[in-house]
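Structure file run.cif (mmCIF, C-alpha atoms) is printed below.
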data_work
#
loop_
_atom_site.group_PDB
_atom_site.id
_atom_site.type_symbol
_atom_site.label_atom_id
_atom_site.label_comp_id
_atom_site.auth_asym_id
_atom_site.auth_seq_id
_atom_site.Cartn_x
_atom_site.Cartn_y
_atom_site.Cartn_z
ATOM 1 C CA MET A 15 241.704 94.135 193.960
ATOM 2 C CA ASP A 16 243.035 97.042 191.896
ATOM 3 C CA THR A 17 242.829 100.304 193.809
ATOM 4 C CA LEU A 18 244.105 103.884 193.771
ATOM 5 C CA THR A 19 244.919 106.309 196.542
ATOM 6 C CA ARG A 20 245.227 110.070 196.139
ATOM 7 C CA GLY A 21 246.219 112.738 198.616
ATOM 8 C CA THR A 22 248.730 115.359 199.672
ATOM 9 C CA ALA A 23 251.992 115.379 201.596
ATOM 10 C CA LEU A 24 254.718 117.694 202.886
ATOM 11 C CA ASN A 25 252.398 120.366 204.286
ATOM 12 C CA GLU A 26 250.070 120.037 201.292
ATOM 13 C CA GLU A 27 252.843 121.152 198.954
ATOM 14 C CA VAL A 28 252.877 117.839 197.094
ATOM 15 C CA ARG A 29 250.073 115.915 195.381
ATOM 16 C CA VAL A 30 250.361 112.134 195.168
ATOM 17 C CA TYR A 31 248.558 109.391 193.227
ATOM 18 C CA CYS A 32 249.437 105.718 193.544
ATOM 19 C CA CYS A 33 247.658 102.719 192.059
ATOM 20 C CA ARG A 34 247.757 98.953 191.777
ATOM 21 C CA THR A 35 246.605 97.770 188.331
ATOM 22 C CA THR A 36 247.780 94.140 188.334
ATOM 23 C CA GLU A 37 244.399 92.568 187.651
ATOM 24 C CA LEU A 38 243.300 94.973 184.941
ATOM 25 C CA VAL A 39 246.621 94.739 183.106
ATOM 26 C CA GLN A 40 246.427 90.946 183.273
ATOM 27 C CA GLU A 41 242.922 91.184 181.811
ATOM 28 C CA ALA A 42 244.245 93.335 178.973
ATOM 29 C CA ARG A 43 247.098 90.879 178.391
ATOM 30 C CA LYS A 44 244.679 87.959 178.061
ATOM 31 C CA ARG A 45 242.139 89.751 175.886
ATOM 32 C CA HIS A 46 244.694 91.008 173.391
ATOM 33 C CA ASP A 47 247.220 88.155 173.565
ATOM 34 C CA LEU A 48 249.924 90.653 174.500
ATOM 35 C CA TRP A 49 253.524 89.590 174.408
ATOM 36 C CA PRO A 50 255.675 90.917 177.289
ATOM 37 C CA ASN A 51 256.792 94.205 175.677
ATOM 38 C CA ALA A 52 253.264 95.097 174.599
ATOM 39 C CA ALA A 53 251.882 94.074 177.997
ATOM 40 C CA ALA A 54 254.440 96.315 179.692
ATOM 41 C CA ALA A 55 253.806 99.281 177.387
ATOM 42 C CA LEU A 56 250.024 99.072 177.490
ATOM 43 C CA GLY A 57 250.042 98.247 181.211
ATOM 44 C CA ARG A 58 252.114 101.320 182.011
ATOM 45 C CA THR A 59 249.811 103.503 179.930
ATOM 46 C CA LEU A 60 246.686 101.978 181.476
ATOM 47 C CA SER A 61 248.153 102.755 184.910
ATOM 48 C CA VAL A 62 248.772 106.407 184.021
ATOM 49 C CA GLY A 63 245.346 106.574 182.416
ATOM 50 C CA ALA A 64 243.698 105.234 185.571
ATOM 51 C CA MET A 65 245.380 107.937 187.645
ATOM 52 C CA MET A 66 244.521 110.670 185.151
ATOM 53 C CA GLY A 67 240.918 109.474 185.028
ATOM 54 C CA THR A 68 240.497 110.097 188.742
ATOM 55 C CA MET A 69 241.662 113.684 188.164
ATOM 56 C CA LEU A 70 238.536 114.372 186.084
ATOM 57 C CA LYS A 71 235.905 116.645 187.585
ATOM 58 C CA ALA A 72 232.671 115.156 186.240
ATOM 59 C CA ARG A 73 231.317 111.741 185.275
ATOM 60 C CA GLN A 74 230.712 112.683 181.650
ATOM 61 C CA GLU A 75 234.361 113.573 181.127
ATOM 62 C CA LYS A 76 236.851 111.174 179.538
ATOM 63 C CA ILE A 77 240.561 111.113 178.773
ATOM 64 C CA GLU A 78 241.987 109.443 175.692
ATOM 65 C CA ILE A 79 245.735 108.794 175.486
ATOM 66 C CA GLN A 80 247.284 108.211 172.071
ATOM 67 C CA ILE A 81 250.900 107.127 171.646
ATOM 68 C CA ASN A 82 252.623 106.349 168.370
ATOM 69 C CA GLY A 83 256.392 106.411 168.349
ATOM 70 C CA LYS A 84 256.612 104.632 164.983
ATOM 71 C CA GLY A 85 258.223 101.645 166.658
ATOM 72 C CA PRO A 86 257.411 98.010 165.807
ATOM 73 C CA MET A 87 254.538 97.996 168.319
ATOM 74 C CA GLY A 88 252.690 100.634 166.309
ATOM 75 C CA SER A 89 250.055 102.871 167.856
ATOM 76 C CA MET A 90 248.574 102.516 171.329
ATOM 77 C CA VAL A 91 245.318 104.002 172.616
ATOM 78 C CA VAL A 92 243.945 104.114 176.164
ATOM 79 C CA ASP A 93 240.642 105.543 177.382
ATOM 80 C CA ALA A 94 240.192 106.470 181.042
ATOM 81 C CA TYR A 95 237.048 107.442 182.895
ATOM 82 C CA TYR A 96 235.979 109.219 186.073
ATOM 83 C CA ASP A 97 234.809 105.987 187.724
ATOM 84 C CA GLY A 98 238.201 104.250 187.591
ATOM 85 C CA SER A 99 237.521 102.167 184.488
ATOM 86 C CA VAL A 100 240.038 102.043 181.641
ATOM 87 C CA ARG A 101 240.404 100.353 178.296
ATOM 88 C CA GLY A 102 243.085 100.211 175.636
ATOM 89 C CA TYR A 103 244.721 98.387 172.766
ATOM 90 C CA VAL A 104 248.041 98.008 170.966
ATOM 91 C CA GLN A 105 248.252 97.865 167.182
ATOM 92 C CA ASN A 106 250.851 95.100 167.125
ATOM 93 C CA PRO A 107 250.861 93.075 170.366
ATOM 94 C CA HIS A 108 253.408 90.499 169.127
ATOM 95 C CA VAL A 109 256.770 92.235 169.466
ATOM 96 C CA TYR A 110 259.650 91.262 171.715
ATOM 97 C CA LYS A 111 262.961 92.942 172.463
ATOM 98 C CA GLU A 112 265.304 92.775 175.449
ATOM 99 C CA LYS A 113 268.017 95.131 176.644
ATOM 100 C CA ASP A 114 271.526 93.862 177.323
ATOM 101 C CA SER A 115 270.551 93.495 181.002
ATOM 102 C CA HIS A 116 267.822 91.007 179.959
ATOM 103 C CA LYS A 117 265.117 93.531 180.789
ATOM 104 C CA LEU A 118 262.295 94.316 178.413
ATOM 105 C CA ASP A 119 263.211 97.114 176.021
ATOM 106 C CA VAL A 120 259.833 98.831 175.997
ATOM 107 C CA GLY A 121 261.199 102.065 174.561
ATOM 108 C CA ALA A 122 262.562 100.333 171.467
ATOM 109 C CA CYS A 123 259.189 98.702 170.806
ATOM 110 C CA VAL A 124 257.223 101.921 171.322
ATOM 111 C CA GLY A 125 259.711 104.144 169.482
ATOM 112 C CA THR A 126 260.435 107.842 169.906
ATOM 113 C CA ASP A 127 259.682 109.247 166.451
ATOM 114 C CA GLY A 128 256.228 110.493 167.318
ATOM 115 C CA VAL A 129 254.026 112.080 169.947
ATOM 116 C CA LEU A 130 252.142 111.459 173.155
ATOM 117 C CA ARG A 131 248.690 113.016 172.754
ATOM 118 C CA VAL A 132 246.092 113.518 175.483
ATOM 119 C CA VAL A 133 242.517 114.267 174.453
ATOM 120 C CA ARG A 134 240.218 115.549 177.197
ATOM 121 C CA ASP A 135 236.553 115.170 176.331
ATOM 122 C CA MET A 136 234.654 117.425 178.732
ATOM 123 C CA GLY A 137 231.291 117.106 177.027
ATOM 124 C CA MET A 138 231.731 120.287 175.011
ATOM 125 C CA LYS A 139 231.599 120.725 171.224
ATOM 126 C CA GLN A 140 235.345 120.259 170.848
ATOM 127 C CA PRO A 141 237.686 118.236 173.070
ATOM 128 C CA PHE A 142 240.856 119.773 174.492
ATOM 129 C CA VAL A 143 243.934 118.253 172.847
ATOM 130 C CA SER A 144 247.531 118.560 174.021
ATOM 131 C CA GLU A 145 250.596 116.696 172.844
ATOM 132 C CA VAL A 146 254.345 116.464 173.318
ATOM 133 C CA ALA A 147 257.122 114.724 171.443
ATOM 134 C CA LEU A 148 258.020 111.306 172.819
ATOM 135 C CA GLN A 149 261.285 111.366 174.754
ATOM 136 C CA THR A 150 262.150 107.741 175.539
ATOM 137 C CA GLY A 151 259.153 105.550 174.728
ATOM 138 C CA GLU A 152 259.394 104.180 178.265
ATOM 139 C CA ILE A 153 256.047 105.851 179.140
ATOM 140 C CA GLY A 154 256.902 107.143 182.637
ATOM 141 C CA ASP A 155 259.515 109.642 181.445
ATOM 142 C CA ASP A 156 257.253 110.669 178.583
ATOM 143 C CA PHE A 157 254.367 111.481 180.913
ATOM 144 C CA ALA A 158 256.649 113.412 183.261
ATOM 145 C CA TYR A 159 257.676 115.489 180.237
ATOM 146 C CA TYR A 160 254.017 115.877 179.235
ATOM 147 C CA TYR A 161 253.051 117.246 182.653
ATOM 148 C CA TYR A 162 255.970 119.672 182.647
ATOM 149 C CA ILE A 163 255.389 120.994 179.125
ATOM 150 C CA SER A 164 251.616 120.823 178.714
ATOM 151 C CA GLU A 165 250.416 121.462 182.263
ATOM 152 C CA GLN A 166 253.425 123.285 183.756
ATOM 153 C CA THR A 167 253.366 120.854 186.668
ATOM 154 C CA PRO A 168 256.724 119.371 187.732
ATOM 155 C CA SER A 169 255.974 115.680 188.159
ATOM 156 C CA ALA A 170 257.718 112.393 188.799
ATOM 157 C CA VAL A 171 255.939 109.512 187.085
ATOM 158 C CA SER A 172 256.828 105.910 187.899
ATOM 159 C CA VAL A 173 254.970 103.106 186.140
ATOM 160 C CA GLY A 174 255.844 99.461 185.905
ATOM 161 C CA VAL A 175 254.668 96.017 184.882
ATOM 162 C CA LEU A 176 256.401 92.851 186.049
ATOM 163 C CA ILE A 177 255.870 89.796 183.834
ATOM 164 C CA ASP A 178 256.561 86.311 185.184
ATOM 165 C CA GLU A 179 258.022 83.306 183.351
ATOM 166 C CA ASN A 180 254.549 82.248 182.196
ATOM 167 C CA MET A 181 253.968 85.656 180.584
ATOM 168 C CA ASN A 182 251.398 86.580 183.234
ATOM 169 C CA VAL A 183 251.342 89.948 185.018
ATOM 170 C CA LYS A 184 252.883 89.536 188.452
ATOM 171 C CA SER A 185 252.506 93.180 189.472
ATOM 172 C CA ALA A 186 251.561 96.435 187.789
ATOM 173 C CA GLY A 187 250.850 99.965 188.877
ATOM 174 C CA GLY A 188 251.898 103.572 188.935
ATOM 175 C CA LEU A 189 252.922 106.519 191.080
ATOM 176 C CA ILE A 190 252.659 110.226 190.295
ATOM 177 C CA ILE A 191 254.248 112.823 192.580
ATOM 178 C CA GLN A 192 253.511 116.449 191.668
ATOM 179 C CA LEU A 193 254.889 119.658 193.117
ATOM 180 C CA LEU A 194 252.179 122.215 193.812
ATOM 181 C CA PRO A 195 252.757 125.958 193.191
ATOM 182 C CA ASN A 196 253.348 126.613 196.902
ATOM 183 C CA ALA A 197 256.203 124.083 197.159
ATOM 184 C CA THR A 198 259.227 125.436 199.023
ATOM 185 C CA GLU A 199 262.850 124.774 198.167
ATOM 186 C CA GLU A 200 263.032 122.369 201.104
ATOM 187 C CA THR A 201 260.034 120.413 199.823
ATOM 188 C CA ILE A 202 261.564 120.267 196.359
ATOM 189 C CA ARG A 203 264.785 118.918 197.852
ATOM 190 C CA ILE A 204 262.926 116.229 199.818
ATOM 191 C CA VAL A 205 260.954 115.123 196.763
ATOM 192 C CA GLU A 206 264.085 114.999 194.627
ATOM 193 C CA ASP A 207 265.734 112.769 197.245
ATOM 194 C CA ILE A 208 262.700 110.452 197.389
ATOM 195 C CA VAL A 209 262.550 110.155 193.604
ATOM 196 C CA ALA A 210 266.286 109.512 193.318
ATOM 197 C CA ASN A 211 266.145 106.597 195.763
ATOM 198 C CA ILE A 212 262.765 105.032 195.110
ATOM 199 C CA LYS A 213 262.507 101.383 194.050
ATOM 200 C CA PRO A 214 260.626 100.417 190.877
ATOM 201 C CA ILE A 215 256.883 100.655 191.502
ATOM 202 C CA SER A 216 256.396 97.046 190.344
ATOM 203 C CA GLN A 217 258.749 95.954 193.148
ATOM 204 C CA LEU A 218 257.066 98.158 195.753
ATOM 205 C CA LEU A 219 253.712 96.622 194.884
ATOM 206 C CA LEU A 220 255.122 93.216 195.811
ATOM 207 C CA GLU A 221 256.420 94.533 199.139
ATOM 208 C CA TYR A 222 253.353 96.462 200.321
ATOM 209 C CA ASP A 223 249.741 95.353 200.628
ATOM 210 C CA GLU A 224 248.082 98.556 199.413
ATOM 211 C CA PRO A 225 249.052 101.634 197.346
ATOM 212 C CA ALA A 226 248.449 103.810 200.431
ATOM 213 C CA ASP A 227 251.083 101.773 202.299
ATOM 214 C CA ILE A 228 253.613 102.689 199.620
ATOM 215 C CA VAL A 229 252.854 106.397 199.883
ATOM 216 C CA ASN A 230 252.941 106.288 203.686
ATOM 217 C CA ALA A 231 256.391 104.699 203.461
ATOM 218 C CA LEU A 232 257.571 107.573 201.242
ATOM 219 C CA PHE A 233 255.953 110.477 203.123
ATOM 220 C CA ASP A 234 255.582 110.747 206.904
ATOM 221 C CA ASP A 235 252.610 113.126 206.686
ATOM 222 C CA TYR A 236 250.588 111.626 203.838
ATOM 223 C CA ASN A 237 246.986 112.857 203.972
ATOM 224 C CA GLU A 238 244.765 110.505 201.981
ATOM 225 C CA LEU A 239 241.938 112.420 200.314
ATOM 226 C CA GLY A 240 240.257 109.541 198.528
ATOM 227 C CA THR A 241 240.436 106.023 197.149
ATOM 228 C CA GLN A 242 239.083 104.478 193.966
ATOM 229 C CA GLN A 243 238.585 100.936 192.743
ATOM 230 C CA LEU A 244 239.996 100.381 189.249
ATOM 231 C CA ARG A 245 238.910 97.970 186.537
ATOM 232 C CA PHE A 246 239.468 97.079 182.941
ATOM 233 C CA LYS A 247 236.142 97.583 181.195
ATOM 234 C CA CYS A 248 235.591 96.906 177.526
ATOM 235 C CA GLU A 249 232.809 94.888 175.971
ATOM 236 C CA CYS A 250 234.271 95.187 172.494
ATOM 237 C CA ASN A 251 237.144 93.306 170.899
ATOM 238 C CA LYS A 252 240.347 94.913 169.649
ATOM 239 C CA GLY A 253 239.153 95.244 166.055
ATOM 240 C CA ARG A 254 235.889 96.897 167.014
ATOM 241 C CA PHE A 255 237.633 99.261 169.430
ATOM 242 C CA ALA A 256 240.184 100.241 166.763
ATOM 243 C CA ARG A 257 237.424 100.857 164.200
ATOM 244 C CA GLN A 258 235.619 103.116 166.658
ATOM 245 C CA LYS A 259 238.772 105.206 166.992
ATOM 246 C CA VAL A 260 239.110 105.512 163.235
ATOM 247 C CA THR A 261 235.456 106.345 162.548
ATOM 248 C CA GLY A 262 234.926 108.460 165.638
ATOM 249 C CA LYS A 263 232.049 106.258 166.878
ATOM 250 C CA ARG A 264 231.677 105.600 170.559
ATOM 251 C CA SER A 265 229.979 102.890 172.520
ATOM 252 C CA ALA A 266 229.232 102.258 176.128
ATOM 253 C CA GLY A 267 231.877 99.724 176.905
ATOM 254 C CA ASN A 268 234.657 98.500 178.996
ATOM 255 C CA ASP A 269 238.342 98.015 178.732
ATOM 256 C CA ARG A 270 240.910 95.533 178.067
#

Structure translated into structure tokens:
Amino acid sequence: MDTLTRGTALNEEVRVYCCRTTELVQEARKRHDLWPNAAAALGRTLSVGAMMGTMLKARQEKIEIQINGKGPMGSMVVDAYYDGSVRGYVQNPHVYKEKDSHKLDVGACVGTDGVLRVVRDMGMKQPFVSEVALQTGEIGDDFAYYYYISEQTPSAVSVGVLIDENMNVKSAGGLIIQLLPNATEETIRIVEDIVANIKPISQLLLEYDEPADIVNALFDDYNELGTQQLRFKCECNKGRFARQKVTGKRSAGNDR
């Protein structure tokens, strides 16, 4: 089951979100026939979206993430909701590129000649829109930059998707660690040390049963404030979802 944990650590000077999204990313992969690079890119963004969705204050609010780095994968859109549901699509799901180390080169497929845009729909006349230039196309680094520039919140963002030899999602999830305004120099030093030595989140999800177990392994004083089940929820197909984005129409639906 895909779940999320959220809480505080280090004398409530650090805010932490951690999620497992393996099942919902696999659902997105099957629905959209995603090749590995697209599955990794969309899966990482769905994971961030799921965490950002649980940061919303009211049920009617929604977050839309738009990424277009002008790479061969084209544009990518993810919607995230208060209840832990997410949906998303990739313009061109059939791209493949490896790095020299035989790892997926997600950044090259996403591209960096563009922006990461976050649209917060809070039920008002106009949504709140913020955007930053893409830095690497690897998603995690780009969202860390987004939080620092747009929300003035120093954050470490780790997202990952592990694809097996059959092109299925073996593990997927994300981790966000944010320094709160009251963070001391000692807390900053501890967090920097944790971030510098942490394993990839996709590997940690194979080693630990639950996201909370991962956070407890990183922080001795983790105080869990809540949990959330996550799901991919979209009743529409890729073409219909894309048309809704172009025309501005919305439907009650679920994600990929």

- Message: One decimal, in Å: what's the spacing between atom CA of Ser216 of chain A and atom CA of Gly174 of chain A?
- Response: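 Result for atom CA of Ser216 of chain A versus atom CA of Gly174 of chain A: 5.1 Å, one decimal.
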
- Query: Which residue out of A:Leu176, A:Met15, A:Val92, A:Val28 has the minimum interatomic distance to Thr201 of chain A when all atoms listed in the file are used?
  - Reply: A:Val28

- Task: Name all residues at most 6 Å from segment 60-68 of chain A (count only C-alpha atoms; drop same-chain ones fewer than 4 positions away) and give them as a ChimeraX atom specification.
- Result: /A:56,94-96,98,187-188

- Item | Close residues, Val143 of chain A itself excluded, 8 Å, only C-alpha atoms, min 4 positions apart in chain, as a ChimeraX atom specification | /A:131-134

- Item | Expected selection from the PyMOL selection byres ((chain A and resi 119-130) around 6), given as a ChimeraX atom specification | /A:51,80-87,111-113,118,131,145-148,150-152

Using the chain letters and numbering of this document, enumerate as a PDB file with C-alpha atoms, keeping the file's coordinate frame the residues selected by the PyMOL selection byres ((chain A and resi 91) around 9).
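And here's expr_37.pdb as it stands now:
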ATOM      1  CA  LEU A  56     250.024  99.072 177.490  1.00  0.00           C
ATOM      2  CA  THR A  59     249.811 103.503 179.930  1.00  0.00           C
ATOM      3  CA  GLU A  78     241.987 109.443 175.692  1.00  0.00           C
ATOM      4  CA  ILE A  79     245.735 108.794 175.486  1.00  0.00           C
ATOM      5  CA  GLN A  80     247.284 108.211 172.071  1.00  0.00           C
ATOM      6  CA  ILE A  81     250.900 107.127 171.646  1.00  0.00           C
ATOM      7  CA  ASN A  82     252.623 106.349 168.370  1.00  0.00           C
ATOM      8  CA  SER A  89     250.055 102.871 167.856  1.00  0.00           C
ATOM      9  CA  MET A  90     248.574 102.516 171.329  1.00  0.00           C
ATOM     10  CA  VAL A  92     243.945 104.114 176.164  1.00  0.00           C
ATOM     11  CA  ASP A  93     240.642 105.543 177.382  1.00  0.00           C
ATOM     12  CA  ARG A 101     240.404 100.353 178.296  1.00  0.00           C
ATOM     13  CA  GLY A 102     243.085 100.211 175.636  1.00  0.00           C
ATOM     14  CA  TYR A 103     244.721  98.387 172.766  1.00  0.00           C
ATOM     15  CA  VAL A 104     248.041  98.008 170.966  1.00  0.00           C
ATOM     16  CA  GLN A 105     248.252  97.865 167.182  1.00  0.00           C
ATOM     17  CA  ALA A 256     240.184 100.241 166.763  1.00  0.00           C
ATOM     18  CA  LYS A 259     238.772 105.206 166.992  1.00  0.00           C
TER      19      LYS A 259
END

Residues near Glu200 of chain A, anyone? I mean within 12 Å using all atoms listed in the file, not counting same-chain ones fewer than 5 positions away, as a compact mmCIF listing (two decimals) with C-alpha atoms, in the coordinates of the input.
# COMPACT_ATOMS: atom_id res chain seq x y z
CA LEU A 24 254.72 117.69 202.89
CA ASN A 25 252.40 120.37 204.29
CA GLU A 27 252.84 121.15 198.95
CA VAL A 28 252.88 117.84 197.09
CA LEU A 193 254.89 119.66 193.12
CA VAL A 205 260.95 115.12 196.76
CA GLU A 206 264.08 115.00 194.63
CA ASP A 207 265.73 112.77 197.24

Applied to the shown file, which residues does the PyMOL selection byres ((chain A and resi 72) around 12) return, written as an mmCIF file with C-alpha atoms, in the frame of the given file?
data_model
loop_
_atom_site.group_PDB
_atom_site.id
_atom_site.type_symbol
_atom_site.label_atom_id
_atom_site.label_comp_id
_atom_site.auth_asym_id
_atom_site.auth_seq_id
_atom_site.Cartn_x
_atom_site.Cartn_y
_atom_site.Cartn_z
ATOM 1 C CA GLY A 67 240.918 109.474 185.028
ATOM 2 C CA THR A 68 240.497 110.097 188.742
ATOM 3 C CA MET A 69 241.662 113.684 188.164
ATOM 4 C CA LEU A 70 238.536 114.372 186.084
ATOM 5 C CA LYS A 71 235.905 116.645 187.585
ATOM 6 C CA ARG A 73 231.317 111.741 185.275
ATOM 7 C CA GLN A 74 230.712 112.683 181.650
ATOM 8 C CA GLU A 75 234.361 113.573 181.127
ATOM 9 C CA LYS A 76 236.851 111.174 179.538
ATOM 10 C CA ILE A 77 240.561 111.113 178.773
ATOM 11 C CA TYR A 95 237.048 107.442 182.895
ATOM 12 C CA TYR A 96 235.979 109.219 186.073
ATOM 13 C CA ASP A 97 234.809 105.987 187.724
ATOM 14 C CA ARG A 134 240.218 115.549 177.197
ATOM 15 C CA ASP A 135 236.553 115.170 176.331
ATOM 16 C CA MET A 136 234.654 117.425 178.732
ATOM 17 C CA GLY A 137 231.291 117.106 177.027
#

Kindly provide, as AutoDock Vina command-line options, the centre and edge lengths (Å, one decimal) of an axis-aligned box around all atoms of segment 147-155 of chain A given in the file, with 8 Å on each side.
--center_x 259.1 --center_y 109.5 --center_z 177.0 --size_x 22.1 --size_y 26.5 --size_z 27.2

- Interatomic distance, atom CA of Ser172 of chain A to atom CA of Lys247 of chain A (Å, one decimal):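 Answer for the atom CA of Ser172 of chain A to atom CA of Lys247 of chain A separation: 23.3 Å.
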
- Task: Compile the contact shell of His46 of chain A as a ChimeraX atom specification: residues with an atom at most 10 Å away, counting all atoms listed in the file, same-chain residues fewer than 3 positions apart removed.
- Result: /A:41-43,49,52-53,102-108,251-252,270

- Query: With all atoms listed in the file as the atoms that count, which of A:His116, A:Lys184, A:Arg45, A:Arg58 lies nearest to Cys248 of chain A?
  - Reply: A:Arg45

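The two atoms in question, atom CA of Gln149 of chain A and atom CA of Leu48 of chain A, are spaced 23.6 Å apart.
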
- Do a neighbour search on segment 166-168 of chain A at 10 Å with only C-alpha atoms, toss out local chain neighbours closer than 2 positions, and write the hits as a ChimeraX atom specification. /A:158-164,170-171,191-195,202

- Message: When you count only C-alpha atoms, which of these residues is closest to Ala231 of chain A: A:Met181, A:Val173, A:Ala23, A:Ala210?
- Response: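 For Ala231 of chain A, the nearest of the candidates is A:Ala23.
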
- Considering all atoms listed in the file, state which residue in the set A:Ile215, A:Ile208, A:Leu220, A:Asn196 is at the smallest distance from Glu26 of chain A. A:Asn196

- Pick from A:Ser185, A:Glu221, A:Val175, A:Val229, whichever lies nearest to Ile153 of chain A using only C-alpha atoms: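 Answer, going by the shortest atom-to-atom distance: A:Val175.
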
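Proximity to Ser144 of chain A was assessed for A:Asp47, A:Glu165, A:Asp156, A:Ile212 counting only C-alpha atoms; the smallest distance is recorded for A:Glu165.
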
Please complete segment 50-56 of chain A with all heavy atoms and give it back as a compact mmCIF listing (two decimals), in the frame of the given file.
# COMPACT_ATOMS: atom_id res chain seq x y z
N PRO A 50 255.21 90.14 176.14
CA PRO A 50 255.68 90.92 177.29
C PRO A 50 255.89 92.41 177.03
O PRO A 50 255.50 93.24 177.86
CB PRO A 50 256.99 90.22 177.66
CG PRO A 50 256.74 88.80 177.28
CD PRO A 50 255.95 88.87 176.01
N ASN A 51 256.54 92.79 175.92
CA ASN A 51 256.79 94.20 175.68
C ASN A 51 255.49 94.99 175.53
O ASN A 51 255.35 96.09 176.07
CB ASN A 51 257.65 94.41 174.43
CG ASN A 51 259.05 93.89 174.60
OD1 ASN A 51 259.28 92.69 174.56
ND2 ASN A 51 260.02 94.79 174.81
N ALA A 52 254.54 94.42 174.78
CA ALA A 52 253.26 95.10 174.60
C ALA A 52 252.49 95.15 175.91
O ALA A 52 251.82 96.15 176.21
CB ALA A 52 252.45 94.40 173.52
N ALA A 53 252.56 94.08 176.70
CA ALA A 53 251.88 94.07 178.00
C ALA A 53 252.46 95.14 178.91
O ALA A 53 251.73 95.83 179.63
CB ALA A 53 252.00 92.70 178.65
N ALA A 54 253.79 95.30 178.87
CA ALA A 54 254.44 96.32 179.69
C ALA A 54 254.07 97.72 179.22
O ALA A 54 253.74 98.59 180.04
CB ALA A 54 255.95 96.13 179.67
N ALA A 55 254.11 97.95 177.92
CA ALA A 55 253.81 99.28 177.39
C ALA A 55 252.35 99.66 177.64
O ALA A 55 252.06 100.76 178.14
CB ALA A 55 254.11 99.33 175.89
N LEU A 56 251.43 98.76 177.29
CA LEU A 56 250.02 99.07 177.49
C LEU A 56 249.70 99.14 178.98
O LEU A 56 248.94 100.01 179.42
CB LEU A 56 249.15 98.03 176.81
CG LEU A 56 247.64 98.29 176.89
CD1 LEU A 56 247.28 99.62 176.24
CD2 LEU A 56 246.85 97.16 176.24
